[in-house]
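Read through the structure below, which is laid out as structure tokens, and then see the notes.
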Amino acid sequence: MEYEIKGETLPVVICNLKSGEKMITEKGSMSWMSPSMKMETSTNGGIGKAFGRMFSGESIFQNIYTAQGDGMIAFASSFPGSIKAFVISPGNEMIFQKSAFLASEAGVELSIHFNKKFSSGLFGGEGFILQRLSGNGIAFAEFDGHVVEYNLKQGQQIIVDTGHLAAMSATCSMEIVGVPGVKNALFGGEGLFNTVVTGPGHVWLQTMPISNVAGILRPYITV
């Protein structure tokens with residue numbers, strides 16, 4: 001499979017497949033394709049994994065596209081932001097925010113990932129349940145706004161405002177900590193909690209989470 005990511009604010013990834021190659025995506029993610037692509041809707045892995053995907057923010061059903069002869073298929077982002085490609089392999093697994101998964105080669109497996117610390121689930125904008133990608137193949141994720149990357153060494157930490165953590169290597173860990181000082185928490189305007197990511201591993205941060213956009217627009221929406 002060869003691919004090309006086009007566009008800036010509203011990107012699309014165009015995948016060129018050889019006969020027999022497969023792509024997996026969530027419901028409604030396909031934008032356009034050649035007539036040689038055959039679609040099949042499946043729970044892909046059984047009911048257990050299907051419900052796991054549902055809890056991680058994805059659909060129970062996945063669409064499998066198979067190239068019958070050389071073919072092309074495109075997947076576009078659903079929100080202004082970025083599409084990133086990740087090479088998934090044993091020992092190189094990824095953790096995504098909920099609903100970040102866009103599409104992947106058939107060898108990639110999408111499952112749920114639980115934060116080890118329960119406080120992360122109660123107070124973190126990333127939620128108690130995240131997405132874990134394992135197996136073998138290339139996966140594509142869509143993130144909100146632009147993406148900034150950091151490589152954390154063993155024990156190195158970065159403090160992230162709630163919702164800006166887009167993805168991280170599975171070797172990283174995260175926890176939620178309160179903003180120090182009552183005055184800072186109540187009047188600082190930065191919320192009550194931050195996400196602390198600890199290395200080793202790579203971190204992808206998004207500049208404009210959709211939750212922030214919703215918060216900005218809320219005062220202007222009248223019912």
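By order in the structure tokens, chains are A, B, ...; within a chain, residues start at 1; ligands start at 1, following the order shown.
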Which residues of stretch 192-211 of chain A come within 7 Å of stretch 144-153 of chain A, and what is each one's closest atom pair and distance in Å (one decimal), counting only C-alpha atoms, sorted by chain and residue number, as a tab-separated table?
residue	atom	partner	partner_atom	distance
A:Gly199	CA	A:Leu152	CA	4.8
A:Pro200	CA	A:Lys153	CA	4.6
A:Gly201	CA	A:Leu152	CA	5.3
A:His202	CA	A:Asn151	CA	4.4
A:Val203	CA	A:Tyr150	CA	5.2
A:Trp204	CA	A:Glu149	CA	4.6
A:Leu205	CA	A:Val148	CA	5.2
A:Gln206	CA	A:Val147	CA	4.7
A:Thr207	CA	A:Gly145	CA	5.2
A:Met208	CA	A:Gly145	CA	4.8
A:Pro209	CA	A:Asp144	CA	5.2
A:Ile210	CA	A:Asp144	CA	6.3
Export of prior selection with all heavy atoms as a JSON list (two decimals), in the first residue's frame:
[["chain", "number", "residue", "atom", "x", "y", "z"],
["A", 199, "GLY", "N", 7.78, 9.83, 30.01],
["A", 199, "GLY", "CA", 8.46, 8.98, 29.05],
["A", 199, "GLY", "C", 9.07, 7.75, 29.68],
["A", 199, "GLY", "O", 8.97, 7.53, 30.88],
["A", 200, "PRO", "N", 9.61, 6.85, 28.85],
["A", 200, "PRO", "CA", 10.11, 7.14, 27.51],
["A", 200, "PRO", "C", 9.04, 6.96, 26.43],
["A", 200, "PRO", "O", 8.14, 6.15, 26.56],
["A", 200, "PRO", "CB", 11.22, 6.10, 27.33],
["A", 200, "PRO", "CG", 10.71, 4.92, 28.10],
["A", 200, "PRO", "CD", 10.00, 5.50, 29.30],
["A", 201, "GLY", "N", 9.20, 7.73, 25.34],
["A", 201, "GLY", "CA", 8.29, 7.58, 24.22],
["A", 201, "GLY", "C", 8.04, 8.89, 23.53],
["A", 201, "GLY", "O", 8.56, 9.95, 23.91],
["A", 202, "HIS", "N", 7.23, 8.82, 22.51],
["A", 202, "HIS", "CA", 6.91, 9.99, 21.68],
["A", 202, "HIS", "C", 5.51, 10.47, 22.02],
["A", 202, "HIS", "O", 4.62, 9.67, 22.32],
["A", 202, "HIS", "CB", 6.99, 9.60, 20.20],
["A", 202, "HIS", "CG", 7.38, 10.74, 19.31],
["A", 202, "HIS", "ND1", 8.68, 11.18, 19.18],
["A", 202, "HIS", "CD2", 6.63, 11.55, 18.51],
["A", 202, "HIS", "CE1", 8.72, 12.19, 18.31],
["A", 202, "HIS", "NE2", 7.48, 12.44, 17.90],
["A", 203, "VAL", "N", 5.30, 11.79, 21.96],
["A", 203, "VAL", "CA", 4.03, 12.40, 22.30],
["A", 203, "VAL", "C", 3.60, 13.31, 21.16],
["A", 203, "VAL", "O", 4.42, 14.06, 20.62],
["A", 203, "VAL", "CB", 4.12, 13.20, 23.61],
["A", 203, "VAL", "CG1", 2.80, 13.90, 23.91],
["A", 203, "VAL", "CG2", 4.49, 12.30, 24.77],
["A", 204, "TRP", "N", 2.32, 13.24, 20.79],
["A", 204, "TRP", "CA", 1.73, 14.11, 19.78],
["A", 204, "TRP", "C", 0.68, 14.98, 20.45],
["A", 204, "TRP", "O", -0.26, 14.46, 21.05],
["A", 204, "TRP", "CB", 1.09, 13.29, 18.66],
["A", 204, "TRP", "CG", 2.06, 12.58, 17.76],
["A", 204, "TRP", "CD1", 2.47, 12.97, 16.52],
["A", 204, "TRP", "CD2", 2.73, 11.34, 18.03],
["A", 204, "TRP", "NE1", 3.35, 12.05, 15.99],
["A", 204, "TRP", "CE2", 3.52, 11.04, 16.90],
["A", 204, "TRP", "CE3", 2.74, 10.46, 19.11],
["A", 204, "TRP", "CZ2", 4.32, 9.91, 16.82],
["A", 204, "TRP", "CZ3", 3.53, 9.33, 19.04],
["A", 204, "TRP", "CH2", 4.31, 9.06, 17.91],
["A", 205, "LEU", "N", 0.82, 16.29, 20.37],
["A", 205, "LEU", "CA", -0.10, 17.22, 21.00],
["A", 205, "LEU", "C", -0.87, 17.99, 19.93],
["A", 205, "LEU", "O", -0.29, 18.40, 18.92],
["A", 205, "LEU", "CB", 0.65, 18.20, 21.90],
["A", 205, "LEU", "CG", 1.56, 17.58, 22.96],
["A", 205, "LEU", "CD1", 2.27, 18.67, 23.75],
["A", 205, "LEU", "CD2", 0.78, 16.65, 23.89],
["A", 206, "GLN", "N", -2.16, 18.20, 20.15],
["A", 206, "GLN", "CA", -3.00, 18.91, 19.19],
["A", 206, "GLN", "C", -3.29, 20.31, 19.70],
["A", 206, "GLN", "O", -3.48, 20.54, 20.89],
["A", 206, "GLN", "CB", -4.30, 18.14, 18.93],
["A", 206, "GLN", "CG", -5.12, 17.84, 20.17],
["A", 206, "GLN", "CD", -6.23, 16.86, 19.90],
["A", 206, "GLN", "OE1", -6.32, 16.27, 18.83],
["A", 206, "GLN", "NE2", -7.11, 16.68, 20.89],
["A", 207, "THR", "N", -3.31, 21.28, 18.77],
["A", 207, "THR", "CA", -3.40, 22.68, 19.17],
["A", 207, "THR", "C", -4.82, 23.15, 19.45],
["A", 207, "THR", "O", -5.01, 24.13, 20.19],
["A", 207, "THR", "CB", -2.79, 23.59, 18.09],
["A", 207, "THR", "OG1", -3.51, 23.41, 16.86],
["A", 207, "THR", "CG2", -1.32, 23.26, 17.86],
["A", 208, "MET", "N", -5.83, 22.51, 18.88],
["A", 208, "MET", "CA", -7.20, 22.99, 19.06],
["A", 208, "MET", "C", -8.17, 21.82, 19.21],
["A", 208, "MET", "O", -8.81, 21.39, 18.24],
["A", 208, "MET", "CB", -7.63, 23.87, 17.88],
["A", 208, "MET", "CG", -9.04, 24.43, 18.00],
["A", 208, "MET", "SD", -9.39, 25.26, 19.56],
["A", 208, "MET", "CE", -8.44, 26.78, 19.35],
["A", 209, "PRO", "N", -8.29, 21.25, 20.42],
["A", 209, "PRO", "CA", -9.24, 20.16, 20.64],
["A", 209, "PRO", "C", -10.65, 20.60, 20.31],
["A", 209, "PRO", "O", -11.04, 21.75, 20.58],
["A", 209, "PRO", "CB", -9.09, 19.84, 22.13],
["A", 209, "PRO", "CG", -7.75, 20.40, 22.50],
["A", 209, "PRO", "CD", -7.54, 21.59, 21.63],
["A", 210, "ILE", "N", -11.45, 19.70, 19.77],
["A", 210, "ILE", "CA", -12.82, 20.05, 19.40],
["A", 210, "ILE", "C", -13.63, 20.45, 20.63],
["A", 210, "ILE", "O", -14.55, 21.25, 20.54],
["A", 210, "ILE", "CB", -13.48, 18.86, 18.65],
["A", 210, "ILE", "CG1", -14.81, 19.32, 18.04],
["A", 210, "ILE", "CG2", -13.66, 17.67, 19.56],
["A", 210, "ILE", "CD1", -15.41, 18.28, 17.12]]
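Closest approach to A:Ser111 from the set A:Ala139, A:Val196, A:Leu133, A:Met168 is made by A:Leu133, with distances taken over only C-alpha atoms.
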### Message
With only C-alpha atoms as the counted atoms, please give the residues lying no more than 7 Å from A:Lys22, apart from itself and same-chain residues fewer than 3 positions off, as JSON, numbers by chain.
### Response
{"A": [64, 65, 66, 67, 105, 106]}
Export N, CA, C and O atoms of the chosen residues as an mmCIF file, in the first residue's frame?
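So the final result, stored in again_38.cif, reads:
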data_model
loop_
_atom_site.group_PDB
_atom_site.id
_atom_site.type_symbol
_atom_site.label_atom_id
_atom_site.label_comp_id
_atom_site.auth_asym_id
_atom_site.auth_seq_id
_atom_site.Cartn_x
_atom_site.Cartn_y
_atom_site.Cartn_z
ATOM 1 N N ILE A 64 -14.524 -3.006 5.796
ATOM 2 C CA ILE A 64 -13.299 -3.567 5.222
ATOM 3 C C ILE A 64 -13.371 -3.392 3.712
ATOM 4 O O ILE A 64 -14.301 -3.877 3.065
ATOM 5 N N TYR A 65 -12.386 -2.694 3.157
ATOM 6 C CA TYR A 65 -12.326 -2.458 1.718
ATOM 7 C C TYR A 65 -11.202 -3.305 1.126
ATOM 8 O O TYR A 65 -10.057 -3.205 1.567
ATOM 9 N N THR A 66 -11.554 -4.123 0.138
ATOM 10 C CA THR A 66 -10.582 -5.000 -0.515
ATOM 11 C C THR A 66 -10.439 -4.596 -1.969
ATOM 12 O O THR A 66 -11.432 -4.412 -2.680
ATOM 13 N N ALA A 67 -9.185 -4.455 -2.402
ATOM 14 C CA ALA A 67 -8.920 -4.096 -3.799
ATOM 15 C C ALA A 67 -9.023 -5.343 -4.677
ATOM 16 O O ALA A 67 -8.286 -6.310 -4.484
ATOM 17 N N GLU A 105 -4.324 -0.398 7.600
ATOM 18 C CA GLU A 105 -4.193 -1.660 6.893
ATOM 19 C C GLU A 105 -4.811 -2.761 7.747
ATOM 20 O O GLU A 105 -4.982 -2.628 8.960
ATOM 21 N N ALA A 106 -5.152 -3.868 7.096
ATOM 22 C CA ALA A 106 -5.911 -4.923 7.767
ATOM 23 C C ALA A 106 -5.154 -5.575 8.923
ATOM 24 O O ALA A 106 -5.761 -6.173 9.811
#
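Atom pair atom CA of A:Phe193 / atom CA of A:Ile159: separated by 10.2 Å.
Residues within 9 Å of A:Glu109, counting only C-alpha atoms and excluding same-chain residues fewer than 5 positions away, are Gly45, Ser104, Arg132, Leu133, Ser134, Gly135 and Asn136 of chain A.
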### Query
Which one of A:Asn194, A:Asn212, A:Ser42, A:Gln62 sits closest to A:Gly28 if you count only C-alpha atoms?
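When distances to A:Gly28 are compared using only C-alpha atoms, the smallest one comes from A:Gln62.
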